[in-house]
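J.: run24.txt (compact mmCIF, C-alpha atoms and all ligand atoms) pasted underneath:
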```txt
# COMPACT_ATOMS: atom_id res chain seq x y z
CA MET A 27 125.63 179.04 -1.38
CA ASN A 28 122.73 177.49 0.46
CA LEU A 29 124.12 178.51 3.75
CA ASN A 30 122.46 179.94 6.80
CA THR A 31 125.30 182.29 7.65
CA LYS A 32 123.66 183.26 10.95
CA LYS A 33 123.90 179.64 12.09
CA ILE A 34 127.61 179.52 11.24
CA PHE A 35 128.23 182.39 13.64
CA GLN A 36 125.96 180.84 16.25
CA LYS A 37 128.14 177.76 16.06
CA ALA A 38 131.24 179.91 16.49
CA GLU A 39 129.64 181.59 19.50
CA ASN A 40 128.83 178.24 21.10
CA GLY A 41 132.32 176.91 20.34
CA ARG A 42 134.01 180.19 21.39
CA TYR A 43 136.13 180.56 18.25
CA ALA A 44 136.24 183.15 15.48
CA ILE A 45 135.96 182.92 11.71
CA PRO A 46 138.56 184.88 9.78
CA GLN A 47 137.27 187.02 6.93
CA LEU A 48 139.93 186.94 4.25
CA ASN A 49 139.71 189.77 1.75
CA VAL A 50 140.36 188.92 -1.88
CA SER A 51 140.56 190.85 -5.15
CA SER A 52 141.07 187.97 -7.53
CA ALA A 53 140.28 184.35 -8.29
CA ASP A 54 143.94 183.56 -7.59
CA GLN A 55 143.56 184.82 -4.06
CA MET A 56 140.29 182.96 -3.52
CA LYS A 57 142.09 179.76 -4.44
CA ALA A 58 144.78 180.45 -1.84
CA VAL A 59 142.10 180.87 0.85
CA VAL A 60 140.35 177.67 -0.23
CA LYS A 61 143.55 175.63 -0.09
CA ALA A 62 144.20 176.77 3.47
CA ALA A 63 140.62 175.99 4.52
CA GLU A 64 140.71 172.56 2.90
CA LYS A 65 143.93 171.70 4.68
CA LEU A 66 142.63 172.84 8.08
CA ARG A 67 138.93 171.98 7.61
CA SER A 68 137.90 175.53 8.44
CA PRO A 69 134.78 177.34 7.29
CA ILE A 70 135.63 179.76 4.47
CA MET A 71 134.80 183.44 4.63
CA PHE A 72 135.75 185.65 1.71
CA GLY A 73 135.45 189.40 2.03
CA THR A 74 135.32 191.81 -0.87
CA SER A 75 135.39 195.57 -0.40
CA GLU A 76 133.59 197.77 -2.91
CA GLY A 77 136.88 198.16 -4.77
CA GLU A 78 137.69 194.46 -4.66
CA SER A 79 134.24 193.33 -5.82
CA GLY A 80 134.32 196.03 -8.50
CA PHE A 81 137.46 194.49 -9.92
CA LEU A 82 136.56 190.84 -9.39
CA GLY A 83 132.89 191.25 -10.36
CA MET A 84 130.13 190.53 -7.81
CA GLU A 85 128.55 187.80 -9.92
CA GLN A 86 131.91 186.21 -10.64
CA ALA A 87 132.70 186.18 -6.92
CA VAL A 88 129.39 184.42 -6.25
CA VAL A 89 129.99 181.83 -8.99
CA LEU A 90 133.44 181.07 -7.60
CA ALA A 91 132.18 180.90 -4.02
CA ASN A 92 129.44 178.47 -5.11
CA PHE A 93 131.97 176.42 -7.05
CA TYR A 94 134.29 176.11 -4.05
CA GLU A 95 131.44 175.26 -1.71
CA LYS A 96 130.46 172.38 -3.97
CA LYS A 97 134.00 171.27 -4.62
CA THR A 98 135.23 171.29 -1.02
CA GLY A 99 132.05 170.55 0.92
CA LEU A 100 133.09 173.35 3.31
CA PRO A 101 130.70 176.11 4.34
CA VAL A 102 131.44 179.23 2.29
CA ILE A 103 130.49 182.75 3.32
CA LEU A 104 130.86 185.61 0.87
CA ASN A 105 130.73 188.93 2.67
CA ALA A 106 130.30 192.37 1.11
CA ASP A 107 132.85 194.27 3.20
CA HIS A 108 132.24 197.95 4.09
CA THR A 109 129.24 198.56 1.86
CA LYS A 110 128.55 202.28 2.01
CA SER A 111 125.18 202.66 0.24
CA LEU A 112 121.82 200.88 0.02
CA GLU A 113 122.16 200.80 -3.79
CA LYS A 114 125.28 198.67 -3.37
CA VAL A 115 123.54 196.45 -0.81
CA LYS A 116 120.88 195.74 -3.43
CA GLN A 117 123.50 194.93 -6.05
CA TYR A 118 125.26 192.49 -3.72
CA LEU A 119 121.98 190.80 -2.79
CA ASP A 120 120.95 190.55 -6.44
CA ALA A 121 124.31 188.97 -7.25
CA GLY A 122 123.82 186.36 -4.50
CA TYR A 123 126.10 187.37 -1.62
CA ASN A 124 125.10 185.55 1.58
CA SER A 125 126.55 188.08 4.00
CA ILE A 126 126.45 191.87 4.05
CA HIS A 127 128.41 194.43 6.00
CA PHE A 128 126.80 197.85 5.90
CA ASP A 129 129.19 200.53 7.11
CA GLY A 130 127.63 203.83 8.12
CA SER A 131 130.20 204.43 10.86
CA LEU A 132 131.42 207.69 9.38
CA LEU A 133 127.90 209.14 9.20
CA PRO A 134 126.20 210.93 12.09
CA TYR A 135 124.84 208.34 14.55
CA GLU A 136 121.15 208.81 13.67
CA GLU A 137 121.86 208.43 9.98
CA ASN A 138 123.94 205.31 10.55
CA LEU A 139 121.07 203.90 12.62
CA GLU A 140 118.45 204.63 9.96
CA LEU A 141 120.44 203.34 6.98
CA THR A 142 121.65 200.21 8.77
CA LYS A 143 118.07 199.41 9.77
CA LYS A 144 117.05 199.71 6.11
CA ALA A 145 119.97 197.54 5.00
CA VAL A 146 118.93 194.83 7.47
CA LYS A 147 115.35 194.97 6.18
CA MET A 148 116.56 194.59 2.59
CA CYS A 149 118.58 191.51 3.52
CA ARG A 150 115.70 189.94 5.48
CA GLU A 151 113.41 190.38 2.48
CA VAL A 152 115.79 188.27 0.42
CA SER A 153 116.43 185.66 3.09
CA GLU A 154 116.31 185.31 6.87
CA ASP A 155 119.54 183.31 6.58
CA ILE A 156 121.73 186.23 5.56
CA SER A 157 123.95 187.51 8.33
CA VAL A 158 124.17 191.32 8.42
CA GLU A 159 126.93 193.35 10.00
CA GLY A 160 126.73 196.96 11.13
CA GLU A 161 129.49 199.19 12.36
CA LEU A 162 129.58 201.66 15.20
CA GLY A 163 132.51 203.78 16.30
CA GLN A 164 135.32 204.85 14.05
CA ILE A 165 138.02 202.36 13.20
CA GLY A 166 141.46 203.98 12.97
CA GLY A 167 143.26 204.75 9.72
CA THR A 168 141.98 206.17 6.47
CA GLY A 169 139.84 203.15 5.69
CA SER A 170 142.49 201.83 3.31
CA SER A 171 144.05 198.44 3.85
CA LYS A 172 147.62 199.56 3.31
CA VAL A 173 150.93 200.06 5.05
CA PHE A 174 151.31 203.45 6.72
CA GLU A 175 154.69 205.08 7.32
CA GLU A 176 153.27 207.09 10.21
CA LYS A 177 151.64 206.34 13.53
CA ILE A 178 147.84 206.40 13.35
CA GLU A 179 146.12 208.30 16.09
CA ILE A 180 143.06 206.70 17.63
CA LYS A 181 141.04 209.19 19.59
CA ASP A 182 138.88 208.17 22.55
CA GLU A 183 135.79 209.48 20.82
CA TYR A 184 136.34 206.94 18.00
CA LEU A 185 135.78 204.00 20.36
CA THR A 186 132.47 202.13 20.46
CA ASP A 187 130.33 203.01 23.46
CA PRO A 188 128.66 199.87 24.90
CA LYS A 189 125.41 201.64 25.81
CA GLN A 190 125.03 203.18 22.36
CA ALA A 191 126.00 199.82 20.82
CA LEU A 192 123.12 198.12 22.63
CA GLU A 193 120.65 200.68 21.31
CA PHE A 194 122.15 200.38 17.82
CA VAL A 195 121.90 196.57 17.77
CA GLU A 196 118.37 196.49 19.17
CA THR A 197 117.10 199.19 16.81
CA THR A 198 118.73 197.98 13.61
CA GLY A 199 118.50 194.22 14.18
CA VAL A 200 122.04 193.53 12.95
CA ASP A 201 123.49 190.07 13.54
CA ARG A 202 127.07 191.27 13.85
CA LEU A 203 128.71 194.47 14.99
CA GLY A 204 132.10 195.81 13.90
CA VAL A 205 133.54 197.57 16.92
CA SER A 206 136.21 200.17 17.47
CA ILE A 207 138.39 199.13 20.41
CA GLY A 208 141.64 200.73 19.31
CA ASN A 209 141.92 198.71 16.08
CA MET A 210 142.86 200.31 12.76
CA HIS A 211 142.66 199.43 9.08
CA GLY A 212 146.07 198.82 7.61
CA ILE A 213 149.43 198.37 9.27
CA SER A 214 151.51 201.18 10.74
CA LYS A 215 155.26 200.67 10.41
CA VAL A 216 155.85 202.92 13.41
CA ALA A 217 153.47 201.60 16.04
CA MET A 218 150.38 199.46 16.14
CA PRO A 219 147.66 200.64 18.50
CA LYS A 220 146.85 198.63 21.61
CA LEU A 221 143.44 197.02 21.84
CA ASP A 222 141.21 198.19 24.68
CA MET A 223 140.40 194.79 26.18
CA GLN A 224 138.42 196.34 29.03
CA ARG A 225 136.07 197.97 26.53
CA LEU A 226 135.77 194.72 24.59
CA SER A 227 134.74 192.92 27.80
CA GLU A 228 132.10 195.57 28.46
CA LEU A 229 130.79 195.30 24.90
CA GLN A 230 130.63 191.53 25.18
CA GLU A 231 128.86 191.76 28.52
CA THR A 232 126.30 194.24 27.14
CA LEU A 233 125.67 192.54 23.79
CA LYS A 234 125.93 188.88 24.78
CA GLY A 235 123.32 186.84 22.93
CA LYS A 236 122.22 189.85 20.88
CA CYS A 237 124.92 189.97 18.20
CA VAL A 238 128.33 188.72 17.18
CA LEU A 239 131.32 191.01 17.72
CA VAL A 240 133.69 191.67 14.83
CA LEU A 241 137.28 192.89 14.89
CA HIS A 242 138.26 194.84 11.79
CA GLY A 243 141.86 195.55 10.93
CA ALA A 244 143.41 192.44 12.47
CA SER A 245 146.47 192.77 10.22
CA GLY A 246 149.53 193.67 12.25
CA ILE A 247 147.90 192.98 15.63
CA PRO A 248 150.08 190.58 17.65
CA ASP A 249 148.75 187.00 17.62
CA GLU A 250 148.42 186.98 21.40
CA ASP A 251 146.13 190.03 21.31
CA VAL A 252 143.97 188.52 18.57
CA LYS A 253 143.68 185.31 20.61
CA LYS A 254 142.79 187.31 23.70
CA SER A 255 140.09 189.18 21.78
CA VAL A 256 138.61 185.84 20.66
CA GLU A 257 138.60 184.70 24.30
CA LEU A 258 136.73 187.90 25.12
CA GLY A 259 134.04 187.29 22.53
CA ILE A 260 135.21 188.36 19.06
CA ARG A 261 133.70 185.88 16.56
CA LYS A 262 134.90 187.34 13.25
CA ILE A 263 138.34 188.71 12.46
CA ASN A 264 138.95 190.74 9.30
CA VAL A 265 142.27 190.34 7.55
CA ASN A 266 143.22 192.24 4.44
CA THR A 267 146.47 194.24 4.53
CA GLU A 268 148.67 191.32 5.58
CA LEU A 269 147.37 189.27 2.65
CA ARG A 270 147.99 192.14 0.23
CA VAL A 271 151.54 192.61 1.51
CA VAL A 272 152.53 188.96 1.28
CA PHE A 273 150.83 188.40 -2.10
CA SER A 274 152.26 191.46 -3.83
CA SER A 275 155.76 191.14 -2.39
CA ALA A 276 156.00 187.54 -3.62
CA ILE A 277 154.96 188.64 -7.12
CA LYS A 278 157.39 191.55 -7.04
CA GLU A 279 160.25 189.21 -6.16
CA LYS A 280 159.48 186.94 -9.11
CA LEU A 281 159.05 189.84 -11.54
CA GLU A 282 162.39 191.26 -10.46
CA GLU A 283 163.95 187.89 -11.28
CA GLY A 284 162.61 188.39 -14.82
CA GLU A 285 159.75 185.89 -14.63
CA ILE A 286 157.02 186.68 -17.15
CA THR A 287 154.75 183.61 -17.03
CA PRO A 288 151.72 184.50 -14.90
CA TYR A 289 151.26 181.05 -13.35
CA LYS A 290 154.92 181.07 -12.41
CA PHE A 291 154.86 184.42 -10.65
CA ILE A 292 151.38 184.02 -9.16
CA ALA A 293 151.79 180.48 -7.75
CA PRO A 294 154.45 181.47 -5.17
CA ALA A 295 152.28 184.41 -4.11
CA GLN A 296 149.35 182.03 -3.59
CA GLU A 297 151.52 179.71 -1.52
CA LYS A 298 152.69 182.54 0.71
CA MET A 299 149.18 183.89 1.08
CA GLN A 300 147.89 180.41 1.92
CA LYS A 301 150.41 180.21 4.76
CA VAL A 302 149.20 183.49 6.27
CA VAL A 303 145.58 182.37 5.94
CA GLU A 304 146.41 179.11 7.73
CA GLU A 305 148.05 181.06 10.55
CA LYS A 306 144.95 183.24 10.91
CA MET A 307 142.64 180.21 10.97
CA LEU A 308 144.75 178.64 13.72
CA ILE A 309 144.78 181.87 15.76
CA CYS A 310 141.00 182.16 15.39
CA GLY A 311 140.52 178.49 16.24
CA SER A 312 138.35 177.89 13.15
CA ASN A 313 140.41 174.84 12.15
CA GLY A 314 138.46 171.61 12.32
CA LYS A 315 135.18 173.55 12.65
CA ALA A 316 133.82 173.11 9.10
ZN ZN B 401 137.11 196.80 7.93
```
Could you render the structure as structure tokens?

T.:
Amino acid sequence: MNLNTKKIFQKAENGRYAIPQLNVSSADQMKAVVKAAEKLRSPIMFGTSEGESGFLGMEQAVVLANFYEKKTGLPVILNADHTKSLEKVKQYLDAGYNSIHFDGSLLPYEENLELTKKAVKMCREVSEDISVEGELGQIGGTGSSKVFEEKIEIKDEYLTDPKQALEFVETTGVDRLGVSIGNMHGISKVAMPKLDMQRLSELQETLKGKCVLVLHGASGIPDEDVKKSVELGIRKINVNTELRVVFSSAIKEKLEEGEITPYKFIAPAQEKMQKVVEEKMLICGSNGKA
């Protein structure tokens, strides 16, 4: 991937749309994302968590991302989602990822600041073109992209403070910031939290031109709210749980019918996942922007 990922987000900022980060754990899922992007001419952004990249293989993910970039002619971003240590940042950079998300949001503020600053420096040493994301404020849920039976409480103190965010962005030099505005990882069957649009407006006002705002945990948030958040300045939307749900339920259905041929039980799951990815691209407005 010979991409300047910072420029891709600059383009999104100028065009006032967002790029959906689609999390994947397998080559099958990457293919589903690519098909959607090809159909809609959207930039591609894969996300892999530490667990997902551990299973898929960092180097394999890079090879596949490069392959799809060449094959489709679309810009491809491969983002290391929620990287928790500098050792892992190094591994991702060595493997060839062109986008890094360092997540120190659960650490004390000063520690998050220090480590994120170091992560940014490590990325810059490899290339100035790599877009780096930091995270400030606590996103609701346990951190797992799963379906919860209970309601997830989001305390006021979890939410990102605009003033602190400005200091964080200026000190660390991050290109993107994952913010907590009432969003959660995963989907709650009982009630999804409401996004604090007022806070988002304040964050956008404070950080305009300094970094790109990112919404984690977009699964389960009503389309209208996601659209509104894009209008208010969100330029990257992270989607994982919804893809997991649709992919695994389609496989389960086929297995229950007695299907044993992998390409016969995986293909319908890819098709269903592709549909969800297309919906997300349309909501973000990234269609036609490749
Ligand atoms: Zn996240």

J.: Give me, as a ChimeraX atom specification, all polymer residues having an atom no more than 7 Å from stretch 249-261 of chain A, counting only C-alpha atoms and skipping those fewer than 2 positions away in the same chain.

T.: /A:38-39,43-45,226-227,230,238-241,247,263,309-310

J.: Quick one: residues within 8 Å of A:Gln164, all atoms listed in the file, excluding same-chain residues fewer than 3 positions away - as a CSV table (one decimal) with C-alpha atoms, keeping the file's coordinate frame?

T.:
```
chain,number,residue,atom,x,y,z
A,131,SER,CA,130.2,204.4,10.9
A,132,LEU,CA,131.4,207.7,9.4
A,184,TYR,CA,136.3,206.9,18.0
A,185,LEU,CA,135.8,204.0,20.4
A,186,THR,CA,132.5,202.1,20.5
A,206,SER,CA,136.2,200.2,17.5
```

J.: I'd like to know which of A:Phe174, A:Leu162, A:Asp182, A:Lys290 is closest to A:Val216, using all atoms listed in the file.

T.: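 Closest candidate: A:Phe174.
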
J.: My list of candidates is A:Lys172, A:Lys181, A:Lys57, A:Lys280. Which is closest to A:Thr267 when distances are computed with all atoms listed in the file?

T.: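 The answer is A:Lys172, which sits nearest to A:Thr267.
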
J.: I'd like to know which of A:Leu48, A:Leu141, A:Met223, A:Ala316 is closest to ligand ZN 401 (chain B), using all atoms listed in the file.

T.: A:Leu48

J.: Around ligand ZN 401 (chain B), which protein and nucleic acid residues have at least one atom no more than 9 Å from it, if we count only C-alpha atoms and all ligand atoms? List them as a list in words.

T.: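 The residues within 9 Å of ligand ZN 401 (chain B), counting only C-alpha atoms and all ligand atoms, are Ser75, Asp107, His108, Asp129, Ile165, Gly169, Ser170, Ser171, Gly204, Met210, His211, Leu241, His242, Gly243, Ala244, Asn264, Val265 and Asn266 of chain A.
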
J.: Might you pull out every residue within 10 Å of A:Leu100, with all atoms listed in the file counted and same-chain residues fewer than 4 positions away left off, and present them as a list in words?

T.: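 My list of contacting residues is Val60, Ala63, Glu64, Arg67, Ser68, Pro69, Ile70, Tyr94, Glu95, Lys96, Lys315 and Ala316 of chain A.
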
J.: Taking all atoms listed in the file into account, which of A:Val89, A:Met148, A:Met299, A:Pro101 comes nearest A:Val115?

T.: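 For A:Val115, the nearest of the given residues is A:Met148.
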
J.: Find the residues near A:Asn124: any atom within 10 Å, counting only C-alpha atoms, skip ones fewer than 6 places away on the same chain, and give them as a ChimeraX atom specification.

T.: /A:27-32,88,102-106,118,149,152-153,155-158

J.: Closest to A:Glu175 among A:Ile207, A:Met218, A:Leu269, A:Val146, using all atoms listed in the file?

T.: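 Looking only at the distances to A:Glu175, the closest residue turns out to be A:Met218.
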
J.: For a test of reading the model, state the distance in Å between atom CA of A:Ser274 and atom CA of A:Ala295, rounded to one decimal.

T.: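 Taking atom CA of A:Ser274 as the start and atom CA of A:Ala295 as the end point, the length is 7.1 Å.
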
J.: For A:Asp120, which residue out of A:Leu90, A:Met84, A:Ile34, A:Val205 is the nearest one, using all atoms listed in the file?

T.: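 Between A:Leu90, A:Met84, A:Ile34, A:Val205, the residue approaching A:Asp120 most closely is A:Met84.
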
J.: Quick one: pull the distance between atom CA of A:Gly199 and atom CA of A:Pro46, Å, one decimal.

T.: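 Calculated distance between atom CA of A:Gly199 and atom CA of A:Pro46 is 22.6 Å.
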
J.: May I have the residues within 8 Å of A:Val303 as a PyMOL selection string, using all atoms listed in the file and disregarding those fewer than 2 positions away in the same chain?

T.: chain A and resi 48+59+62+269+299-301+305-307

J.: If you measure from atom CA of A:Gln55 to atom CA of A:Ser312, what distance in Å do you get, rounded to one decimal?

T.: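 If I compute the distance from atom CA of A:Gln55 to atom CA of A:Ser312, I get 19.3 Å.
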